[in-house]
Amino acid sequence: MSLLKVAVLGNPILRRTTPEMKKSELLRESVQRFIDDLIETMREYDGVGLAATQVHQLYRIAVIEVVANPRYPQAPSVPLTILVNPCLTPIGTERAKDWEGCLSVPEMRGVVSRWTKIHVEAMDRKGNPLSLDASGFFARAVQHETDHLDGIVYVDRMEDMSTLTYLRKYGRYWRDKQVPDEGSALG
Ligand code: NI
């Protein structure tokens, strides 16, 4: 396995949309190896998720995992989830605001509103249909990563840019405060 280079904001790859993957393409040895590298890279940089476009590949693949993450100490754990061709539908109409960060927007945080509960249809890494419901932080991570596969970065989703914060200032001024208006999806 090898670590992949993470593209940062300004790199045009982050603005590309990814085409739907065919099962035959997904099962190629090179793509399976890429998925292993994507997982390893996410873990190395303490991401809670990583999308293929962030590592310069136009595959419609994202990975998510939360295991006692130092970048998100309050986040509940989420088992390793590999999403190929994820398709999201909100469950209900409830949305919540919370802080997000991104390995492609280093050292920053900002408040983003997301659906609280979603249904996800996707393929797993073997091309089998995957159907799951996600809520809270997991739902937020799925929406964030799926956005990457459509060329969207979290700052595009911010309704109020005044919350855009350097990480070192986030720790000093914001981390222990409630997000304005709504409770925290991190619980
Ligand atoms: Ni991101």
# chains A, B, ... in the order shown; residues from 1 in each chain; ligands from 1

$ residues_around --residues "A:Arg109" --least-positions-apart "3" --cutoff "6 Å" --atoms "only C-alpha atoms" --output "PyMOL selection string"
chain A and resi 100-101+164-165

$ write_last_selection --atoms "N, CA, C and O atoms" --output "CSV table (one decimal), in the first residue's frame"
chain,number,residue,atom,x,y,z
A,100,GLU,N,-17.3,21.8,10.3
A,100,GLU,CA,-16.7,20.8,9.5
A,100,GLU,C,-15.3,21.3,9.1
A,100,GLU,O,-15.0,22.5,9.1
A,101,GLY,N,-14.4,20.3,8.8
A,101,GLY,CA,-13.1,20.6,8.3
A,101,GLY,C,-12.9,19.7,7.1
A,101,GLY,O,-13.7,18.8,6.8
A,164,LEU,N,-16.0,30.9,9.2
A,164,LEU,CA,-14.8,30.4,8.7
A,164,LEU,C,-13.6,30.7,9.7
A,164,LEU,O,-13.4,31.9,9.9
A,165,THR,N,-12.9,29.7,10.2
A,165,THR,CA,-12.0,29.9,11.3
A,165,THR,C,-10.7,29.1,11.1
A,165,THR,O,-10.8,27.9,10.7

$ residues_around --residues "stretch 135-147 of chain A" --least-positions-apart "2" --cutoff "7 Å" --atoms "only C-alpha atoms" --output "list in words"
Gly49, Leu50, Ala51, Ala62, Ala75, Val78, Pro86, Arg114, Thr116, Lys117, Ile118, Asp133, Leu149, Asp150, Gly151, Ile152, Val153, Tyr154, Ala185 and Leu186 of chain A

$ residues_near_ligand --ligand "ligand 1" --cutoff "6 Å" --atoms "only C-alpha atoms and all ligand atoms" --output "VMD selection string"
chain A and resid 102 to 104

$ closest_residue --among "A:Tyr173, A:Tyr59, A:Phe34, A:Tyr45" --to "A:Arg71" --atoms "only C-alpha atoms"
A:Tyr45

$ residues_around --residues "A:Thr81" --least-positions-apart "5" --cutoff "10 Å" --atoms "only C-alpha atoms" --output "VMD selection string"
chain A and resid 39 49 62 to 66 124 to 125 142

$ atom_distance --atom1 "atom CA of A:Glu159" --atom2 "atom CA of A:Arg15"
19.3 Å

$ closest_residue --among "A:Val111, A:Met161, A:Leu83, A:Ile91" --to "A:Ala134" --atoms "only C-alpha atoms"
A:Ile91

$ select_by_dssp --residues "stretch 110-162 of chain A" --states "alpha helix (DSSP H)" --output "number ranges by chain"
A: 136-149, 154-157

$ write_last_selection --atoms "C-alpha atoms" --output "short mmCIF file (atom, residue, chain, number, x, y, z; two decimals), in the first residue's frame"
data_model
loop_
_atom_site.label_atom_id
_atom_site.label_comp_id
_atom_site.auth_asym_id
_atom_site.auth_seq_id
_atom_site.Cartn_x
_atom_site.Cartn_y
_atom_site.Cartn_z
CA GLY A 136 -25.78 12.66 13.03
CA PHE A 137 -22.04 12.82 12.42
CA PHE A 138 -22.07 9.79 10.09
CA ALA A 139 -24.77 11.42 7.94
CA ARG A 140 -22.74 14.62 7.88
CA ALA A 141 -19.59 12.76 6.78
CA VAL A 142 -21.47 10.95 3.98
CA GLN A 143 -22.88 14.27 2.70
CA HIS A 144 -19.43 15.91 2.88
CA GLU A 145 -17.71 13.07 0.98
CA THR A 146 -20.46 12.68 -1.62
CA ASP A 147 -20.19 16.42 -2.29
CA HIS A 148 -16.49 15.90 -3.10
CA LEU A 149 -17.50 13.40 -5.79
CA TYR A 154 -17.81 22.33 2.32
CA VAL A 155 -17.07 26.05 2.08
CA ASP A 156 -19.54 26.14 -0.86
CA ARG A 157 -22.24 24.96 1.57
#

$ residues_around --residues "A:Leu58" --least-positions-apart "4" --cutoff "9 Å" --atoms "only C-alpha atoms" --output "ChimeraX atom specification"
/A:13,16-19,52-53,149

$ write_last_selection --atoms "N, CA, C and O atoms" --output "compact mmCIF listing (two decimals), in the first residue's frame"
# COMPACT_ATOMS: atom_id res chain seq x y z
N ILE A 13 -8.83 19.62 -9.71
CA ILE A 13 -9.38 18.26 -9.56
C ILE A 13 -10.52 18.26 -8.53
O ILE A 13 -11.47 17.51 -8.65
N ARG A 16 -13.96 18.81 -10.11
CA ARG A 16 -14.46 17.89 -11.14
C ARG A 16 -15.54 16.99 -10.56
O ARG A 16 -15.52 16.67 -9.38
N THR A 17 -16.48 16.60 -11.41
CA THR A 17 -17.45 15.60 -10.97
C THR A 17 -16.99 14.24 -11.47
O THR A 17 -16.30 14.14 -12.49
N THR A 18 -17.37 13.21 -10.75
CA THR A 18 -16.91 11.86 -11.09
C THR A 18 -18.03 11.08 -11.78
O THR A 18 -19.19 11.16 -11.37
N PRO A 19 -17.70 10.34 -12.83
CA PRO A 19 -18.73 9.55 -13.50
C PRO A 19 -19.09 8.30 -12.70
O PRO A 19 -18.25 7.79 -11.94
N ALA A 52 -12.14 10.10 -3.66
CA ALA A 52 -11.12 9.85 -4.68
C ALA A 52 -10.60 11.13 -5.33
O ALA A 52 -9.41 11.25 -5.61
N THR A 53 -11.48 12.11 -5.55
CA THR A 53 -11.04 13.35 -6.19
C THR A 53 -10.00 14.07 -5.34
O THR A 53 -9.15 14.79 -5.88
N LEU A 149 -17.39 14.15 -4.54
CA LEU A 149 -17.50 13.40 -5.79
C LEU A 149 -18.26 14.19 -6.86
O LEU A 149 -18.29 13.81 -8.02

$ closest_residue --among "A:Ile61, A:Glu94, A:Ser2, A:Gly171" --to "A:Arg33" --atoms "only C-alpha atoms"
A:Ser2

$ atom_distance --atom1 "atom CA of A:Ile35" --atom2 "atom CA of A:Leu130"
16.4 Å

$ closest_residue --among "A:Ser24, A:Asn128, A:Leu3, A:Pro79" --to "A:Val48" --atoms "only C-alpha atoms"
A:Pro79

$ select_by_dssp --residues "stretch 7-158 of chain A" --states "strand (DSSP E)" --output "PDB file with N, CA, C and O atoms, in the first residue's frame"
ATOM      1  N   GLY A  49     -12.985  10.893   6.616  1.00  0.00           N
ATOM      2  CA  GLY A  49     -13.441  10.441   5.309  1.00  0.00           C
ATOM      3  C   GLY A  49     -12.478  10.952   4.263  1.00  0.00           C
ATOM      4  O   GLY A  49     -11.682  11.858   4.529  1.00  0.00           O
ATOM      5  N   LEU A  50     -12.533  10.337   3.090  1.00  0.00           N
ATOM      6  CA  LEU A  50     -11.698  10.807   1.986  1.00  0.00           C
ATOM      7  C   LEU A  50     -12.356  10.362   0.684  1.00  0.00           C
ATOM      8  O   LEU A  50     -12.842   9.228   0.582  1.00  0.00           O
ATOM      9  N   ALA A  51     -12.385  11.273  -0.275  1.00  0.00           N
ATOM     10  CA  ALA A  51     -12.994  10.972  -1.566  1.00  0.00           C
ATOM     11  C   ALA A  51     -11.898  10.899  -2.624  1.00  0.00           C
ATOM     12  O   ALA A  51     -10.858  11.553  -2.508  1.00  0.00           O
ATOM     13  N   ILE A  61     -15.764   7.105  -5.706  1.00  0.00           N
ATOM     14  CA  ILE A  61     -15.515   6.282  -4.510  1.00  0.00           C
ATOM     15  C   ILE A  61     -15.131   7.198  -3.350  1.00  0.00           C
ATOM     16  O   ILE A  61     -14.308   8.103  -3.511  1.00  0.00           O
ATOM     17  N   ALA A  62     -15.742   6.931  -2.184  1.00  0.00           N
ATOM     18  CA  ALA A  62     -15.343   7.637  -0.965  1.00  0.00           C
ATOM     19  C   ALA A  62     -15.273   6.637   0.181  1.00  0.00           C
ATOM     20  O   ALA A  62     -15.982   5.619   0.172  1.00  0.00           O
ATOM     21  N   VAL A  63     -14.412   6.918   1.137  1.00  0.00           N
ATOM     22  CA  VAL A  63     -14.316   6.067   2.325  1.00  0.00           C
ATOM     23  C   VAL A  63     -14.557   6.929   3.569  1.00  0.00           C
ATOM     24  O   VAL A  63     -14.243   8.126   3.575  1.00  0.00           O
ATOM     25  N   ILE A  64     -15.140   6.312   4.581  1.00  0.00           N
ATOM     26  CA  ILE A  64     -15.433   7.008   5.836  1.00  0.00           C
ATOM     27  C   ILE A  64     -15.078   6.067   6.980  1.00  0.00           C
ATOM     28  O   ILE A  64     -15.361   4.867   6.914  1.00  0.00           O
ATOM     29  N   GLU A  65     -14.460   6.609   8.004  1.00  0.00           N
ATOM     30  CA  GLU A  65     -14.189   5.816   9.207  1.00  0.00           C
ATOM     31  C   GLU A  65     -13.894   6.776  10.348  1.00  0.00           C
ATOM     32  O   GLU A  65     -13.135   7.726  10.185  1.00  0.00           O
ATOM     33  N   VAL A  66     -14.492   6.519  11.488  1.00  0.00           N
ATOM     34  CA  VAL A  66     -14.197   7.334  12.667  1.00  0.00           C
ATOM     35  C   VAL A  66     -13.810   6.408  13.803  1.00  0.00           C
ATOM     36  O   VAL A  66     -14.621   5.603  14.257  1.00  0.00           O
ATOM     37  N   VAL A  78     -17.488   5.459  13.777  1.00  0.00           N
ATOM     38  CA  VAL A  78     -18.197   4.941  12.602  1.00  0.00           C
ATOM     39  C   VAL A  78     -17.303   3.866  12.000  1.00  0.00           C
ATOM     40  O   VAL A  78     -16.119   4.112  11.759  1.00  0.00           O
ATOM     41  N   PRO A  79     -17.828   2.654  11.781  1.00  0.00           N
ATOM     42  CA  PRO A  79     -16.991   1.611  11.192  1.00  0.00           C
ATOM     43  C   PRO A  79     -16.591   1.975   9.761  1.00  0.00           C
ATOM     44  O   PRO A  79     -17.275   2.765   9.108  1.00  0.00           O
ATOM     45  N   LEU A  80     -15.502   1.386   9.285  1.00  0.00           N
ATOM     46  CA  LEU A  80     -15.024   1.658   7.929  1.00  0.00           C
ATOM     47  C   LEU A  80     -16.149   1.399   6.917  1.00  0.00           C
ATOM     48  O   LEU A  80     -16.729   0.322   6.879  1.00  0.00           O
ATOM     49  N   THR A  81     -16.475   2.424   6.148  1.00  0.00           N
ATOM     50  CA  THR A  81     -17.544   2.329   5.153  1.00  0.00           C
ATOM     51  C   THR A  81     -16.989   2.779   3.807  1.00  0.00           C
ATOM     52  O   THR A  81     -16.437   3.868   3.698  1.00  0.00           O
ATOM     53  N   ILE A  82     -17.115   1.924   2.809  1.00  0.00           N
ATOM     54  CA  ILE A  82     -16.644   2.265   1.459  1.00  0.00           C
ATOM     55  C   ILE A  82     -17.872   2.455   0.587  1.00  0.00           C
ATOM     56  O   ILE A  82     -18.709   1.550   0.479  1.00  0.00           O
ATOM     57  N   LEU A  83     -17.984   3.642   0.021  1.00  0.00           N
ATOM     58  CA  LEU A  83     -19.153   3.967  -0.785  1.00  0.00           C
ATOM     59  C   LEU A  83     -18.738   4.167  -2.244  1.00  0.00           C
ATOM     60  O   LEU A  83     -17.900   5.023  -2.544  1.00  0.00           O
ATOM     61  N   VAL A  84     -19.329   3.378  -3.123  1.00  0.00           N
ATOM     62  CA  VAL A  84     -19.108   3.533  -4.560  1.00  0.00           C
ATOM     63  C   VAL A  84     -20.440   3.983  -5.169  1.00  0.00           C
ATOM     64  O   VAL A  84     -21.482   3.393  -4.861  1.00  0.00           O
ATOM     65  N   ASN A  85     -20.415   5.022  -5.964  1.00  0.00           N
ATOM     66  CA  ASN A  85     -21.636   5.603  -6.558  1.00  0.00           C
ATOM     67  C   ASN A  85     -22.703   5.940  -5.505  1.00  0.00           C
ATOM     68  O   ASN A  85     -23.870   5.577  -5.686  1.00  0.00           O
ATOM     69  N   PRO A  86     -22.335   6.611  -4.428  1.00  0.00           N
ATOM     70  CA  PRO A  86     -23.342   6.895  -3.398  1.00  0.00           C
ATOM     71  C   PRO A  86     -24.442   7.815  -3.918  1.00  0.00           C
ATOM     72  O   PRO A  86     -24.180   8.729  -4.690  1.00  0.00           O
ATOM     73  N   CYS A  87     -25.654   7.490  -3.513  1.00  0.00           N
ATOM     74  CA  CYS A  87     -26.828   8.279  -3.884  1.00  0.00           C
ATOM     75  C   CYS A  87     -27.603   8.542  -2.594  1.00  0.00           C
ATOM     76  O   CYS A  87     -27.982   7.603  -1.893  1.00  0.00           O
ATOM     77  N   LEU A  88     -27.795   9.807  -2.256  1.00  0.00           N
ATOM     78  CA  LEU A  88     -28.370  10.168  -0.959  1.00  0.00           C
ATOM     79  C   LEU A  88     -29.794  10.675  -1.085  1.00  0.00           C
ATOM     80  O   LEU A  88     -30.110  11.396  -2.019  1.00  0.00           O
ATOM     81  N   THR A  89     -30.620  10.309  -0.095  1.00  0.00           N
ATOM     82  CA  THR A  89     -31.950  10.892   0.017  1.00  0.00           C
ATOM     83  C   THR A  89     -32.150  11.295   1.468  1.00  0.00           C
ATOM     84  O   THR A  89     -31.902  10.474   2.363  1.00  0.00           O
ATOM     85  N   PRO A  90     -32.577  12.526   1.726  1.00  0.00           N
ATOM     86  CA  PRO A  90     -32.832  12.883   3.123  1.00  0.00           C
ATOM     87  C   PRO A  90     -34.013  12.101   3.686  1.00  0.00           C
ATOM     88  O   PRO A  90     -34.957  11.795   2.956  1.00  0.00           O
ATOM     89  N   ARG A  95     -32.566  19.516   9.615  1.00  0.00           N
ATOM     90  CA  ARG A  95     -31.176  19.833   9.306  1.00  0.00           C
ATOM     91  C   ARG A  95     -30.489  20.318  10.580  1.00  0.00           C
ATOM     92  O   ARG A  95     -31.160  20.784  11.500  1.00  0.00           O
ATOM     93  N   ALA A  96     -29.180  20.198  10.623  1.00  0.00           N
ATOM     94  CA  ALA A  96     -28.431  20.686  11.778  1.00  0.00           C
ATOM     95  C   ALA A  96     -27.160  21.363  11.302  1.00  0.00           C
ATOM     96  O   ALA A  96     -26.593  20.993  10.272  1.00  0.00           O
ATOM     97  N   LYS A  97     -26.744  22.357  12.067  1.00  0.00           N
ATOM     98  CA  LYS A  97     -25.494  23.053  11.764  1.00  0.00           C
ATOM     99  C   LYS A  97     -24.392  22.515  12.659  1.00  0.00           C
ATOM    100  O   LYS A  97     -24.615  22.281  13.843  1.00  0.00           O
ATOM    101  N   ASP A  98     -23.239  22.318  12.081  1.00  0.00           N
ATOM    102  CA  ASP A  98     -22.084  21.945  12.901  1.00  0.00           C
ATOM    103  C   ASP A  98     -20.798  22.281  12.158  1.00  0.00           C
ATOM    104  O   ASP A  98     -20.822  22.594  10.974  1.00  0.00           O
ATOM    105  N   TRP A  99     -19.705  22.194  12.887  1.00  0.00           N
ATOM    106  CA  TRP A  99     -18.395  22.508  12.325  1.00  0.00           C
ATOM    107  C   TRP A  99     -17.915  21.393  11.425  1.00  0.00           C
ATOM    108  O   TRP A  99     -18.092  20.223  11.741  1.00  0.00           O
ATOM    109  N   GLU A 100     -17.304  21.773  10.332  1.00  0.00           N
ATOM    110  CA  GLU A 100     -16.659  20.799   9.458  1.00  0.00           C
ATOM    111  C   GLU A 100     -15.252  21.276   9.126  1.00  0.00           C
ATOM    112  O   GLU A 100     -14.960  22.473   9.150  1.00  0.00           O
ATOM    113  N   GLY A 101     -14.429  20.317   8.807  1.00  0.00           N
ATOM    114  CA  GLY A 101     -13.104  20.602   8.288  1.00  0.00           C
ATOM    115  C   GLY A 101     -12.886  19.681   7.107  1.00  0.00           C
ATOM    116  O   GLY A 101     -13.739  18.848   6.802  1.00  0.00           O
ATOM    117  N   CYS A 102     -11.763  19.814   6.441  1.00  0.00           N
ATOM    118  CA  CYS A 102     -11.519  19.014   5.248  1.00  0.00           C
ATOM    119  C   CYS A 102     -10.011  18.940   5.019  1.00  0.00           C
ATOM    120  O   CYS A 102      -9.319  19.954   5.141  1.00  0.00           O
ATOM    121  N   VAL A 105      -8.826  21.467   2.703  1.00  0.00           N
ATOM    122  CA  VAL A 105      -8.866  22.874   3.146  1.00  0.00           C
ATOM    123  C   VAL A 105      -8.144  22.889   4.494  1.00  0.00           C
ATOM    124  O   VAL A 105      -8.764  23.000   5.544  1.00  0.00           O
ATOM    125  N   PRO A 106      -6.818  22.736   4.470  1.00  0.00           N
ATOM    126  CA  PRO A 106      -6.083  22.483   5.712  1.00  0.00           C
ATOM    127  C   PRO A 106      -6.203  23.617   6.730  1.00  0.00           C
ATOM    128  O   PRO A 106      -6.303  24.785   6.349  1.00  0.00           O
ATOM    129  N   GLU A 107      -6.228  23.203   7.981  1.00  0.00           N
ATOM    130  CA  GLU A 107      -6.163  24.150   9.108  1.00  0.00           C
ATOM    131  C   GLU A 107      -7.363  25.080   9.220  1.00  0.00           C
ATOM    132  O   GLU A 107      -7.259  26.147   9.826  1.00  0.00           O
ATOM    133  N   MET A 108      -8.499  24.706   8.612  1.00  0.00           N
ATOM    134  CA  MET A 108      -9.683  25.555   8.696  1.00  0.00           C
ATOM    135  C   MET A 108     -10.881  24.757   9.223  1.00  0.00           C
ATOM    136  O   MET A 108     -10.930  23.535   9.126  1.00  0.00           O
ATOM    137  N   ARG A 109     -11.842  25.495   9.767  1.00  0.00           N
ATOM    138  CA  ARG A 109     -13.132  24.938  10.163  1.00  0.00           C
ATOM    139  C   ARG A 109     -14.201  25.943   9.775  1.00  0.00           C
ATOM    140  O   ARG A 109     -13.954  27.152   9.757  1.00  0.00           O
ATOM    141  N   GLY A 110     -15.413  25.435   9.511  1.00  0.00           N
ATOM    142  CA  GLY A 110     -16.534  26.320   9.239  1.00  0.00           C
ATOM    143  C   GLY A 110     -17.834  25.608   9.546  1.00  0.00           C
ATOM    144  O   GLY A 110     -17.888  24.369   9.558  1.00  0.00           O
ATOM    145  N   VAL A 111     -18.877  26.372   9.826  1.00  0.00           N
ATOM    146  CA  VAL A 111     -20.179  25.793  10.174  1.00  0.00           C
ATOM    147  C   VAL A 111     -20.987  25.532   8.893  1.00  0.00           C
ATOM    148  O   VAL A 111     -21.119  26.414   8.044  1.00  0.00           O
ATOM    149  N   VAL A 112     -21.488  24.295   8.799  1.00  0.00           N
ATOM    150  CA  VAL A 112     -22.259  23.879   7.623  1.00  0.00           C
ATOM    151  C   VAL A 112     -23.568  23.238   8.077  1.00  0.00           C
ATOM    152  O   VAL A 112     -23.590  22.469   9.042  1.00  0.00           O
ATOM    153  N   SER A 113     -24.640  23.557   7.381  1.00  0.00           N
ATOM    154  CA  SER A 113     -25.936  22.929   7.636  1.00  0.00           C
ATOM    155  C   SER A 113     -26.073  21.682   6.763  1.00  0.00           C
ATOM    156  O   SER A 113     -25.778  21.725   5.565  1.00  0.00           O
ATOM    157  N   ARG A 114     -26.472  20.570   7.371  1.00  0.00           N
ATOM    158  CA  ARG A 114     -26.641  19.295   6.638  1.00  0.00           C
ATOM    159  C   ARG A 114     -27.937  18.618   7.069  1.00  0.00           C
ATOM    160  O   ARG A 114     -28.444  18.883   8.157  1.00  0.00           O
ATOM    161  N   TRP A 115     -28.385  17.666   6.246  1.00  0.00           N
ATOM    162  CA  TRP A 115     -29.505  16.817   6.657  1.00  0.00           C
ATOM    163  C   TRP A 115     -29.069  16.006   7.878  1.00  0.00           C
ATOM    164  O   TRP A 115     -27.949  15.496   7.928  1.00  0.00           O
ATOM    165  N   LYS A 117     -30.674  13.165   8.969  1.00  0.00           N
ATOM    166  CA  LYS A 117     -30.799  11.727   8.672  1.00  0.00           C
ATOM    167  C   LYS A 117     -30.897  11.533   7.164  1.00  0.00           C
ATOM    168  O   LYS A 117     -31.653  12.250   6.495  1.00  0.00           O
ATOM    169  N   ILE A 118     -30.171  10.555   6.684  1.00  0.00           N
ATOM    170  CA  ILE A 118     -30.216  10.289   5.241  1.00  0.00           C
ATOM    171  C   ILE A 118     -30.274   8.790   4.963  1.00  0.00           C
ATOM    172  O   ILE A 118     -29.853   7.972   5.782  1.00  0.00           O
ATOM    173  N   HIS A 119     -30.805   8.472   3.791  1.00  0.00           N
ATOM    174  CA  HIS A 119     -30.741   7.104   3.284  1.00  0.00           C
ATOM    175  C   HIS A 119     -29.689   7.085   2.171  1.00  0.00           C
ATOM    176  O   HIS A 119     -29.624   8.010   1.369  1.00  0.00           O
ATOM    177  N   VAL A 120     -28.866   6.056   2.166  1.00  0.00           N
ATOM    178  CA  VAL A 120     -27.785   5.963   1.187  1.00  0.00           C
ATOM    179  C   VAL A 120     -27.912   4.672   0.392  1.00  0.00           C
ATOM    180  O   VAL A 120     -28.036   3.590   0.975  1.00  0.00           O
ATOM    181  N   GLU A 121     -27.909   4.802  -0.926  1.00  0.00           N
ATOM    182  CA  GLU A 121     -27.807   3.637  -1.816  1.00  0.00           C
ATOM    183  C   GLU A 121     -26.444   3.730  -2.494  1.00  0.00           C
ATOM    184  O   GLU A 121     -26.064   4.797  -2.993  1.00  0.00           O
ATOM    185  N   ALA A 122     -25.714   2.641  -2.501  1.00  0.00           N
ATOM    186  CA  ALA A 122     -24.368   2.651  -3.080  1.00  0.00           C
ATOM    187  C   ALA A 122     -23.984   1.228  -3.460  1.00  0.00           C
ATOM    188  O   ALA A 122     -24.809   0.307  -3.387  1.00  0.00           O
ATOM    189  N   MET A 123     -22.720   1.060  -3.885  1.00  0.00           N
ATOM    190  CA  MET A 123     -22.134  -0.270  -4.015  1.00  0.00           C
ATOM    191  C   MET A 123     -21.025  -0.353  -2.980  1.00  0.00           C
ATOM    192  O   MET A 123     -20.407   0.669  -2.655  1.00  0.00           O
ATOM    193  N   PRO A 129     -24.725  -4.349  -3.898  1.00  0.00           N
ATOM    194  CA  PRO A 129     -25.542  -3.211  -3.480  1.00  0.00           C
ATOM    195  C   PRO A 129     -25.441  -2.987  -1.978  1.00  0.00           C
ATOM    196  O   PRO A 129     -25.411  -3.942  -1.194  1.00  0.00           O
ATOM    197  N   LEU A 130     -25.368  -1.724  -1.604  1.00  0.00           N
ATOM    198  CA  LEU A 130     -25.229  -1.342  -0.203  1.00  0.00           C
ATOM    199  C   LEU A 130     -26.325  -0.323   0.071  1.00  0.00           C
ATOM    200  O   LEU A 130     -26.499   0.618  -0.694  1.00  0.00           O
ATOM    201  N   SER A 131     -27.078  -0.562   1.133  1.00  0.00           N
ATOM    202  CA  SER A 131     -28.192   0.307   1.456  1.00  0.00           C
ATOM    203  C   SER A 131     -28.126   0.583   2.943  1.00  0.00           C
ATOM    204  O   SER A 131     -28.091  -0.357   3.739  1.00  0.00           O
ATOM    205  N   LEU A 132     -28.035   1.838   3.331  1.00  0.00           N
ATOM    206  CA  LEU A 132     -27.938   2.120   4.765  1.00  0.00           C
ATOM    207  C   LEU A 132     -28.565   3.461   5.118  1.00  0.00           C
ATOM    208  O   LEU A 132     -28.699   4.337   4.255  1.00  0.00           O
ATOM    209  N   ASP A 133     -28.951   3.578   6.371  1.00  0.00           N
ATOM    210  CA  ASP A 133     -29.429   4.848   6.906  1.00  0.00           C
ATOM    211  C   ASP A 133     -28.327   5.401   7.802  1.00  0.00           C
ATOM    212  O   ASP A 133     -27.683   4.653   8.535  1.00  0.00           O
ATOM    213  N   ALA A 134     -28.119   6.696   7.726  1.00  0.00           N
ATOM    214  CA  ALA A 134     -27.093   7.319   8.560  1.00  0.00           C
ATOM    215  C   ALA A 134     -27.698   8.528   9.247  1.00  0.00           C
ATOM    216  O   ALA A 134     -28.566   9.193   8.697  1.00  0.00           O
ATOM    217  N   SER A 135     -27.223   8.801  10.465  1.00  0.00           N
ATOM    218  CA  SER A 135     -27.699   9.999  11.157  1.00  0.00           C
ATOM    219  C   SER A 135     -26.529  10.678  11.848  1.00  0.00           C
ATOM    220  O   SER A 135     -25.437  10.117  11.969  1.00  0.00           O
TER     221      SER A 135
END

$ atom_distance --atom1 "atom CA of A:Leu27" --atom2 "atom CA of A:Gly127"
7.4 Å
